[in-house]
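For reference, model.txt is printed below; it contains compact mmCIF, C-alpha atoms.
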```txt
# COMPACT_ATOMS: atom_id res chain seq x y z
CA MET A 1 -95.30 219.72 210.94
CA ARG A 2 -99.01 219.23 210.47
CA ARG A 3 -100.47 216.14 212.06
CA ARG A 4 -102.87 213.97 210.10
CA PRO A 5 -106.20 213.40 211.81
CA LEU A 6 -106.59 210.07 213.57
CA ARG A 7 -108.94 207.78 211.68
CA THR A 8 -111.08 205.08 213.23
CA ILE A 9 -111.90 201.70 211.72
CA THR A 10 -115.61 201.28 211.31
CA PRO A 11 -117.41 197.98 212.01
CA ALA A 12 -117.90 197.46 208.25
CA VAL A 13 -114.17 197.71 207.63
CA THR A 14 -113.52 195.36 210.55
CA GLY A 15 -115.85 192.81 208.96
CA ALA A 16 -114.07 193.15 205.63
CA LEU A 17 -110.68 192.58 207.24
CA LEU A 18 -112.04 189.54 209.04
CA LEU A 19 -113.32 188.08 205.77
CA VAL A 20 -109.96 188.66 204.11
CA ALA A 21 -108.21 186.89 206.97
CA MET A 22 -110.64 183.96 206.78
CA ALA A 23 -110.24 183.70 203.01
CA GLY A 24 -106.48 183.34 203.42
CA ALA A 25 -106.75 180.64 206.08
CA GLU A 26 -106.38 176.95 205.27
CA PRO A 27 -109.66 175.05 204.84
CA PRO A 28 -110.72 172.90 207.78
CA GLN A 29 -109.41 169.35 207.69
CA PRO A 30 -111.81 166.42 208.08
CA PRO A 31 -111.49 164.36 211.24
CA PRO A 32 -109.36 161.18 211.06
CA PHE A 33 -112.26 158.97 212.13
CA PHE A 34 -115.82 158.56 210.88
CA ALA A 35 -118.32 156.33 212.62
CA ILE A 36 -121.60 155.26 211.01
CA GLN A 37 -123.78 154.07 213.89
CA ASN A 38 -127.12 152.27 214.22
CA VAL A 39 -126.85 150.96 210.66
CA ARG A 40 -127.73 147.60 209.09
CA VAL A 41 -124.60 145.96 207.65
CA VAL A 42 -124.81 143.39 204.85
CA SER A 43 -121.42 141.79 204.17
CA GLY A 44 -122.45 138.84 202.02
CA ALA A 45 -120.29 136.52 204.13
CA ARG A 46 -122.61 136.17 207.12
CA ALA A 47 -126.03 137.17 208.42
CA PRO A 48 -126.74 140.93 208.35
CA LEU A 49 -125.77 142.90 211.45
CA GLU A 50 -128.48 145.09 212.95
CA GLY A 51 -127.65 148.26 214.86
CA ALA A 52 -123.99 147.99 213.95
CA THR A 53 -121.18 150.53 213.73
CA VAL A 54 -118.81 151.02 210.80
CA LEU A 55 -115.59 152.77 211.85
CA ILE A 56 -113.56 154.43 209.08
CA ALA A 57 -110.02 155.67 209.71
CA ASP A 58 -108.13 157.71 207.13
CA GLY A 59 -110.39 156.55 204.33
CA LEU A 60 -110.23 152.83 205.17
CA ILE A 61 -112.68 150.65 207.09
CA GLU A 62 -111.06 149.84 210.42
CA ALA A 63 -113.82 147.93 212.19
CA VAL A 64 -117.37 146.68 211.68
CA GLY A 65 -119.56 145.28 214.41
CA VAL A 66 -121.94 145.85 217.30
CA GLY A 67 -120.75 147.70 220.41
CA ILE A 68 -117.53 149.04 218.87
CA ASP A 69 -115.72 151.73 220.85
CA VAL A 70 -115.64 155.01 218.95
CA SER A 71 -112.94 157.64 219.39
CA ALA A 72 -114.09 160.88 221.01
CA ASP A 73 -112.88 162.92 218.03
CA ALA A 74 -114.76 160.83 215.44
CA TRP A 75 -117.42 162.33 213.22
CA ILE A 76 -120.61 160.47 214.16
CA ILE A 77 -123.10 159.71 211.38
CA ASP A 78 -126.50 158.31 212.35
CA GLY A 79 -127.33 155.46 209.96
CA GLU A 80 -130.67 154.47 211.45
CA GLY A 81 -132.97 153.08 208.74
CA MET A 82 -130.08 152.72 206.28
CA THR A 83 -128.09 149.73 204.99
CA VAL A 84 -124.35 149.51 204.36
CA PHE A 85 -123.06 146.91 201.88
CA PRO A 86 -119.75 146.32 200.06
CA GLY A 87 -119.18 148.55 197.05
CA LEU A 88 -119.44 146.98 193.61
CA ILE A 89 -116.47 146.97 191.22
CA ASP A 90 -117.01 147.64 187.53
CA ALA A 91 -114.47 145.22 186.03
CA MET A 92 -114.04 147.18 182.78
CA SER A 93 -115.12 150.67 181.79
CA THR A 94 -113.87 153.97 180.37
CA LEU A 95 -114.95 155.99 183.42
CA GLY A 96 -112.89 158.98 184.50
CA GLN A 97 -111.03 159.48 181.24
CA LYS A 98 -110.72 162.68 179.20
CA GLN A 99 -113.09 163.06 176.30
CA GLU A 100 -111.67 162.61 172.82
CA GLU A 101 -111.44 166.34 172.12
CA GLU A 102 -109.63 166.89 175.44
CA SER A 103 -106.97 164.24 174.91
CA SER A 104 -104.15 164.42 172.42
CA GLY A 105 -103.68 160.68 172.63
CA GLY A 106 -107.11 159.48 171.60
CA GLY A 107 -110.12 159.28 173.93
CA ARG A 108 -113.29 157.24 173.90
CA GLY A 109 -113.55 155.75 170.48
CA GLY A 110 -111.15 158.28 168.97
CA SER A 111 -108.07 157.89 166.85
CA PRO A 112 -104.97 157.01 168.87
CA PHE A 113 -103.08 159.39 166.60
CA GLY A 114 -104.67 162.37 168.33
CA GLY A 115 -107.55 163.64 166.23
CA GLY A 116 -107.91 164.42 162.57
CA ASP A 117 -107.30 161.89 159.81
CA ALA A 118 -105.07 158.98 160.74
CA PRO A 119 -101.87 158.65 158.72
CA GLN A 120 -101.70 156.18 155.87
CA ILE A 121 -100.40 152.88 157.20
CA ARG A 122 -98.16 151.00 154.80
CA GLY A 123 -97.18 148.03 156.92
CA PRO A 124 -96.45 146.71 160.42
CA GLU A 125 -93.35 148.90 160.74
CA ASP A 126 -95.66 151.93 160.99
CA ARG A 127 -97.27 150.48 164.16
CA PRO A 128 -100.92 151.32 163.43
CA SER A 129 -103.25 152.02 166.37
CA THR A 130 -100.57 150.97 168.83
CA THR A 131 -100.10 153.06 171.99
CA PRO A 132 -99.09 150.74 174.87
CA TRP A 133 -97.19 153.58 176.55
CA MET A 134 -100.42 155.48 177.17
CA SER A 135 -101.84 155.15 180.69
CA VAL A 136 -105.34 155.93 181.91
CA ALA A 137 -103.76 157.20 185.14
CA ASP A 138 -102.23 160.07 183.12
CA ASN A 139 -105.43 160.79 181.20
CA LEU A 140 -108.04 161.44 183.90
CA ALA A 141 -110.59 164.24 184.07
CA GLU A 142 -113.95 165.07 185.59
CA ASP A 143 -116.60 162.60 184.38
CA SER A 144 -120.30 163.23 184.96
CA ARG A 145 -121.05 159.50 184.64
CA ILE A 146 -119.23 158.67 187.88
CA GLU A 147 -122.04 159.99 190.08
CA LYS A 148 -124.51 157.67 188.31
CA TRP A 149 -122.23 154.70 188.93
CA ARG A 150 -121.91 155.64 192.61
CA LYS A 151 -125.67 155.87 193.02
CA ALA A 152 -125.91 152.37 191.57
CA GLY A 153 -123.52 151.07 194.24
CA PHE A 154 -120.21 151.06 192.33
CA THR A 155 -117.25 152.37 194.31
CA SER A 156 -114.36 151.55 191.94
CA THR A 157 -113.66 150.48 188.39
CA LEU A 158 -110.94 149.16 186.12
CA SER A 159 -110.84 152.02 183.63
CA THR A 160 -109.28 150.99 180.32
CA PRO A 161 -108.25 152.91 177.20
CA GLU A 162 -110.58 152.09 174.34
CA SER A 163 -108.95 152.85 170.98
CA GLY A 164 -106.38 150.85 169.07
CA PHE A 165 -105.12 147.28 168.78
CA PHE A 166 -102.74 147.90 171.68
CA ALA A 167 -104.86 150.54 173.38
CA GLY A 168 -102.71 151.19 176.44
CA GLN A 169 -102.60 150.64 180.17
CA ALA A 170 -105.63 150.37 182.43
CA ALA A 171 -105.88 151.83 185.93
CA MET A 172 -107.97 150.92 188.94
CA ILE A 173 -109.68 154.11 190.09
CA ASN A 174 -111.86 155.11 193.02
CA LEU A 175 -115.30 156.48 192.14
CA GLY A 176 -115.49 158.68 195.22
CA ASP A 177 -116.10 162.41 195.06
CA VAL A 178 -112.42 163.31 194.74
CA GLU A 179 -110.13 165.10 192.33
CA PRO A 180 -109.16 162.93 189.31
CA ARG A 181 -105.51 162.80 190.39
CA GLU A 182 -106.61 161.49 193.81
CA SER A 183 -108.78 158.70 192.38
CA VAL A 184 -106.00 156.35 191.19
CA ILE A 185 -105.74 153.20 193.30
CA ALA A 186 -103.24 151.45 191.02
CA ALA A 187 -101.83 152.32 187.60
CA GLY A 188 -100.66 150.04 184.78
CA VAL A 189 -102.60 147.04 186.05
CA ALA A 190 -103.52 145.65 182.60
CA HIS A 191 -103.03 146.21 178.86
CA ARG A 192 -106.11 146.25 176.65
CA LEU A 193 -106.12 144.66 173.20
CA ASN A 194 -108.70 145.05 170.44
CA PHE A 195 -109.04 142.89 167.34
CA SER A 196 -111.20 145.26 165.32
CA GLY A 197 -111.29 148.88 164.21
CA GLY A 198 -108.50 148.95 161.65
CA GLY A 199 -108.11 151.45 158.83
CA GLY A 200 -110.10 149.41 156.31
CA PHE A 201 -108.88 147.51 153.27
CA ARG A 202 -107.02 150.56 151.91
CA SER A 203 -104.39 150.40 154.66
CA PHE A 204 -102.67 147.81 156.81
CA PRO A 205 -104.06 145.85 158.53
CA GLY A 206 -107.23 145.74 156.48
CA SER A 207 -108.79 142.50 157.71
CA LEU A 208 -109.13 140.36 160.81
CA MET A 209 -106.36 138.12 159.51
CA GLY A 210 -104.14 141.18 159.10
CA ILE A 211 -104.95 142.45 162.60
CA LEU A 212 -104.15 139.11 164.22
CA SER A 213 -100.93 138.81 162.23
CA TYR A 214 -99.95 142.31 163.27
CA VAL A 215 -100.69 141.71 166.97
CA LYS A 216 -98.62 138.52 166.93
CA GLN A 217 -95.80 140.35 165.12
CA VAL A 218 -95.69 143.01 167.84
CA PHE A 219 -95.48 140.35 170.55
CA SER A 220 -92.73 138.59 168.58
CA ASP A 221 -90.86 141.90 168.20
CA THR A 222 -91.17 142.42 171.95
CA GLN A 223 -89.60 139.06 172.67
CA HIS A 224 -86.72 139.85 170.29
CA TYR A 225 -86.32 143.30 171.90
CA ALA A 226 -86.07 141.72 175.35
CA THR A 227 -83.53 139.14 174.17
CA ALA A 228 -81.35 141.75 172.44
CA ARG A 229 -81.40 144.04 175.45
CA ALA A 230 -80.48 141.18 177.80
CA ILE A 231 -77.51 140.22 175.59
CA TYR A 232 -76.24 143.80 175.60
CA GLU A 233 -76.63 144.20 179.36
CA ARG A 234 -74.72 140.98 180.07
CA ASN A 235 -71.69 142.15 178.09
CA PRO A 236 -72.00 145.62 176.48
CA ALA A 237 -68.38 145.82 175.32
CA GLY A 238 -68.18 146.14 171.54
CA LYS A 239 -71.96 146.06 171.10
CA GLN A 240 -74.31 148.81 170.03
CA ARG A 241 -76.74 149.87 172.72
CA LEU A 242 -80.35 149.13 171.88
CA ASP A 243 -82.45 152.21 171.12
CA HIS A 244 -85.42 152.76 173.42
CA ASP A 245 -88.66 151.68 171.75
CA ARG A 246 -91.70 153.26 173.42
CA THR A 247 -93.96 150.56 171.99
CA LEU A 248 -91.92 147.50 172.88
CA ALA A 249 -90.49 148.67 176.23
CA PRO A 250 -93.81 148.80 178.14
CA LEU A 251 -94.93 145.54 176.52
CA GLU A 252 -91.67 143.86 177.58
CA THR A 253 -92.22 145.05 181.15
CA ALA A 254 -95.80 143.80 181.12
CA MET A 255 -94.92 140.38 179.70
CA ALA A 256 -92.06 139.91 182.16
CA GLY A 257 -94.20 141.06 185.10
CA ARG A 258 -97.18 138.88 184.16
CA THR A 259 -99.38 141.93 183.76
CA PRO A 260 -102.79 140.85 182.40
CA PHE A 261 -103.57 141.41 178.72
CA LEU A 262 -107.29 141.96 178.21
CA MET A 263 -108.33 140.12 175.05
CA PRO A 264 -111.78 140.52 173.42
CA GLU A 265 -113.38 137.20 172.53
CA ASN A 266 -116.96 135.91 172.61
CA VAL A 267 -117.79 132.69 170.76
CA GLY A 268 -115.88 129.45 171.07
CA ARG A 269 -113.57 129.80 168.06
CA GLU A 270 -112.56 133.30 169.21
CA ILE A 271 -111.77 132.01 172.69
CA ASP A 272 -109.65 129.27 171.11
CA ARG A 273 -107.77 131.97 169.22
CA ALA A 274 -107.10 134.00 172.36
CA LEU A 275 -105.88 130.97 174.27
CA SER A 276 -103.60 130.07 171.38
CA ILE A 277 -102.02 133.55 171.29
CA ALA A 278 -101.63 133.55 175.07
CA ASP A 279 -99.92 130.17 174.99
CA GLU A 280 -97.62 131.08 172.07
CA PHE A 281 -96.29 134.21 173.78
CA ASP A 282 -96.72 133.12 177.42
CA LEU A 283 -99.18 135.90 178.18
CA ASN A 284 -101.24 136.36 181.30
CA ALA A 285 -104.47 136.68 179.32
CA VAL A 286 -107.89 137.75 180.57
CA ILE A 287 -110.79 137.33 178.15
CA TYR A 288 -113.43 140.05 178.14
CA GLY A 289 -116.82 139.70 176.52
CA GLY A 290 -116.98 135.93 176.74
CA GLN A 291 -120.69 135.49 176.00
CA GLY A 292 -119.92 132.05 174.58
CA ALA A 293 -117.58 131.00 177.38
CA TYR A 294 -120.00 128.23 178.38
CA ASP A 295 -118.89 126.40 175.22
CA ARG A 296 -115.21 126.38 176.30
CA LEU A 297 -115.42 125.72 180.02
CA ASP A 298 -112.83 122.94 180.03
CA GLU A 299 -110.35 124.91 177.91
CA LEU A 300 -110.73 128.05 180.01
CA SER A 301 -110.37 126.07 183.23
CA ALA A 302 -107.22 124.34 181.97
CA ALA A 303 -105.72 127.70 180.93
CA GLY A 304 -106.50 129.26 184.28
```

Transcribe the structure of this file into structure tokens.
Amino acid sequence: MRRRPLRTITPAVTGALLLVAMAGAEPPQPPPFFAIQNVRVVSGARAPLEGATVLIADGLIEAVGVGIDVSADAWIIDGEGMTVFPGLIDAMSTLGQKQEEESSGGGRGGSPFGGGDAPQIRGPEDRPSTTPWMSVADNLAEDSRIEKWRKAGFTSTLSTPESGFFAGQAAMINLGDVEPRESVIAAGVAHRLNFSGGGGFRSFPGSLMGILSYVKQVFSDTQHYATARAIYERNPAGKQRLDHDRTLAPLETAMAGRTPFLMPENVGREIDRALSIADEFDLNAVIYGGQGAYDRLDELSAAG
């Protein structure tokens, strides 16, 4: 039997094998501790600290002060000449959400029916522009605006859906340089309402009066849905089980759990309207906009 000649591995091949092995290895993990040293700390609660240390453990601030002991395996960052201050929170934005063309459920300013012409709405039973089951936490994507917010000092935001009378559920998200799915701090923390943007006078609701009547009807339907479901659950024998309603079910959960409903009002008469709706349906209401809130200070204070 003929023997094959022995072949040697050249240095170039060795380098290639090494690169292949490195490419298959897991990426290095960041250390559990970060320490920013020699930095000026402004907390807003007391006088600024000079030459302080900020110790961060697993993504959370563990200690702030002068002369703090730092773990030997911490990543040391020299903050000399720099200032650390608490991150700002944008209380309402659309940051981090998919663009309209990316989302089948309506994006920034888009139709909640998912693109194209909205269907003809004949009445409240058709539930126009109503998508309370939609959650920002399920609709996140890369957003080039986030870096601008970070540079301005914002570290988190309440990102809310924008389209529709019942637009959907807001999420608190982190504005760090992370994957969208890793940015969610809390989901379903509020429901956003809008009292404008209907289909015009050719479909329902075609006016502000129609929109307000429709919104109140949905809340009334939710209360009836909750009552009917409770009756069935107490004694289901001989009763027909209530069909799941994807509009009313999340609203029932929100109303029962005192989840905030974000309501858009500016001038005094609009604020009166919001407070009236909140009182009628026992809602945990938060008014956004509010440029004329100075004219209803007593009413807003009494309503909490």

Which residues are close to region 54-57 of chain A, i.e. within 8 Å by all atoms listed in the file, leaving aside same-chain residues fewer than 6 positions away? Reply as a compact mmCIF listing (two decimals) with C-alpha atoms, in the coordinates of the input.
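Result file is out.txt:
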```txt
# COMPACT_ATOMS: atom_id res chain seq x y z
CA PRO A 32 -109.36 161.18 211.06
CA PHE A 33 -112.26 158.97 212.13
CA PHE A 34 -115.82 158.56 210.88
CA ALA A 35 -118.32 156.33 212.62
CA ILE A 36 -121.60 155.26 211.01
CA GLN A 37 -123.78 154.07 213.89
CA ALA A 63 -113.82 147.93 212.19
CA VAL A 64 -117.37 146.68 211.68
CA GLY A 65 -119.56 145.28 214.41
CA VAL A 70 -115.64 155.01 218.95
```

What's the 8 Å shell around region 216-220 of chain A, counting only C-alpha atoms, without same-chain residues fewer than 6 positions away, as a PDB file with C-alpha atoms, in the frame of the given file?
```
ATOM      1  CA  PRO A 124     -96.450 146.710 160.420  1.00  0.00           C
ATOM      2  CA  LEU A 248     -91.920 147.500 172.880  1.00  0.00           C
ATOM      3  CA  LEU A 251     -94.930 145.540 176.520  1.00  0.00           C
ATOM      4  CA  ILE A 277    -102.020 133.550 171.290  1.00  0.00           C
ATOM      5  CA  PHE A 281     -96.290 134.210 173.780  1.00  0.00           C
TER       6      PHE A 281
END
```

Exercise. Which one is closest to Tyr288 (chain A): A:Gly153, A:Pro236, A:Pro260, A:Pro180? Count only C-alpha atoms.
Worked result: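 Result for the nearest residue to Tyr288 (chain A): A:Pro260.
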
For this session: Find the residue from A:Asp143, A:Gly210, A:Asn266, A:Pro31 that sits nearest to Ala72 (chain A); use all atoms listed in the file when measuring.
Result: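 With all atoms listed in the file as the atom set, the closest residue is A:Pro31.
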
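The two atoms in question, CA of Leu158 (chain A) and CA of Glu179 (chain A), are spaced 17.1 Å apart.
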
Exercise. So, counting all atoms listed in the file, which residue among A:Leu193, A:Ala171, A:Ala230, A:Leu297 is closest to Tyr214 (chain A)?
Worked result: A:Leu193

For this session: Dump as an MDAnalysis selection string all residues having an atom at most 10 Å from (-117.1, 157.2, 191.9), computed in the file's coordinates with all atoms listed in the file.
Result: chainID A and resid 95:96 143:151 153:157 173:178 183

Problem set entry | Distance query Gly290 (chain A) at most 12 Å, all atoms listed in the file, self and fewer than 6 positions along chain excluded, as a list in words | Leu262, Met263, Pro264, Glu265, Asn266, Val267, Gly268, Arg269, Glu270, Ile271, Asp272, Ala274, Arg296, Leu297 and Leu300 of chain A

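Relative to CA of Ser159 (chain A), CA of Leu140 (chain A) is found at 9.8 Å.
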
Problem set entry | Non-local contacts of Glu50 (chain A) (8 Å; all atoms listed in the file; under 2 positions in same chain excluded) as a PyMOL selection string | chain A and resi 38-41+48+52+66

Take region 210-227 of chain A, model N, CA, C and O atoms, and hand the result over as a JSON list (two decimals), in the frame of the given file.
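Once written, selection_36.json looks like this:
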```
[["chain", "number", "residue", "atom", "x", "y", "z"],
["A", 210, "GLY", "N", -105.23, 140.23, 159.01],
["A", 210, "GLY", "CA", -104.14, 141.18, 159.10],
["A", 210, "GLY", "C", -103.94, 141.69, 160.52],
["A", 210, "GLY", "O", -102.80, 141.84, 160.98],
["A", 211, "ILE", "N", -105.04, 141.96, 161.22],
["A", 211, "ILE", "CA", -104.95, 142.45, 162.60],
["A", 211, "ILE", "C", -104.29, 141.42, 163.50],
["A", 211, "ILE", "O", -103.37, 141.72, 164.28],
["A", 212, "LEU", "N", -104.72, 140.16, 163.38],
["A", 212, "LEU", "CA", -104.15, 139.11, 164.22],
["A", 212, "LEU", "C", -102.67, 138.89, 163.90],
["A", 212, "LEU", "O", -101.85, 138.69, 164.80],
["A", 213, "SER", "N", -102.33, 138.94, 162.61],
["A", 213, "SER", "CA", -100.93, 138.81, 162.23],
["A", 213, "SER", "C", -100.10, 139.95, 162.80],
["A", 213, "SER", "O", -98.98, 139.74, 163.28],
["A", 214, "TYR", "N", -100.67, 141.15, 162.75],
["A", 214, "TYR", "CA", -99.95, 142.31, 163.27],
["A", 214, "TYR", "C", -99.74, 142.20, 164.78],
["A", 214, "TYR", "O", -98.65, 142.45, 165.30],
["A", 215, "VAL", "N", -100.79, 141.83, 165.52],
["A", 215, "VAL", "CA", -100.69, 141.71, 166.97],
["A", 215, "VAL", "C", -99.62, 140.67, 167.34],
["A", 215, "VAL", "O", -98.78, 140.90, 168.23],
["A", 216, "LYS", "N", -99.62, 139.55, 166.65],
["A", 216, "LYS", "CA", -98.62, 138.52, 166.93],
["A", 216, "LYS", "C", -97.22, 139.00, 166.57],
["A", 216, "LYS", "O", -96.25, 138.67, 167.25],
["A", 217, "GLN", "N", -97.11, 139.81, 165.50],
["A", 217, "GLN", "CA", -95.80, 140.35, 165.12],
["A", 217, "GLN", "C", -95.25, 141.27, 166.20],
["A", 217, "GLN", "O", -94.06, 141.25, 166.52],
["A", 218, "VAL", "N", -96.13, 142.10, 166.78],
["A", 218, "VAL", "CA", -95.69, 143.01, 167.84],
["A", 218, "VAL", "C", -95.21, 142.22, 169.06],
["A", 218, "VAL", "O", -94.17, 142.55, 169.65],
["A", 219, "PHE", "N", -95.93, 141.17, 169.43],
["A", 219, "PHE", "CA", -95.48, 140.35, 170.55],
["A", 219, "PHE", "C", -94.14, 139.67, 170.23],
["A", 219, "PHE", "O", -93.25, 139.55, 171.09],
["A", 220, "SER", "N", -94.00, 139.20, 168.98],
["A", 220, "SER", "CA", -92.73, 138.59, 168.58],
["A", 220, "SER", "C", -91.59, 139.62, 168.61],
["A", 220, "SER", "O", -90.48, 139.32, 169.09],
["A", 221, "ASP", "N", -91.87, 140.84, 168.14],
["A", 221, "ASP", "CA", -90.86, 141.90, 168.20],
["A", 221, "ASP", "C", -90.47, 142.21, 169.64],
["A", 221, "ASP", "O", -89.30, 142.50, 169.94],
["A", 222, "THR", "N", -91.44, 142.16, 170.53],
["A", 222, "THR", "CA", -91.17, 142.42, 171.95],
["A", 222, "THR", "C", -90.24, 141.37, 172.53],
["A", 222, "THR", "O", -89.31, 141.69, 173.30],
["A", 223, "GLN", "N", -90.48, 140.12, 172.19],
["A", 223, "GLN", "CA", -89.60, 139.06, 172.67],
["A", 223, "GLN", "C", -88.18, 139.25, 172.14],
["A", 223, "GLN", "O", -87.20, 139.08, 172.89],
["A", 224, "HIS", "N", -88.05, 139.62, 170.86],
["A", 224, "HIS", "CA", -86.72, 139.85, 170.29],
["A", 224, "HIS", "C", -86.05, 141.05, 170.97],
["A", 224, "HIS", "O", -84.84, 141.02, 171.26],
["A", 225, "TYR", "N", -86.82, 142.10, 171.23],
["A", 225, "TYR", "CA", -86.32, 143.30, 171.90],
["A", 225, "TYR", "C", -85.77, 142.94, 173.28],
["A", 225, "TYR", "O", -84.68, 143.40, 173.68],
["A", 226, "ALA", "N", -86.50, 142.12, 174.00],
["A", 226, "ALA", "CA", -86.07, 141.72, 175.35],
["A", 226, "ALA", "C", -84.80, 140.89, 175.28],
["A", 226, "ALA", "O", -83.88, 141.06, 176.10],
["A", 227, "THR", "N", -84.72, 139.99, 174.31],
["A", 227, "THR", "CA", -83.53, 139.14, 174.17],
["A", 227, "THR", "C", -82.30, 139.97, 173.82],
["A", 227, "THR", "O", -81.22, 139.80, 174.41]]
```
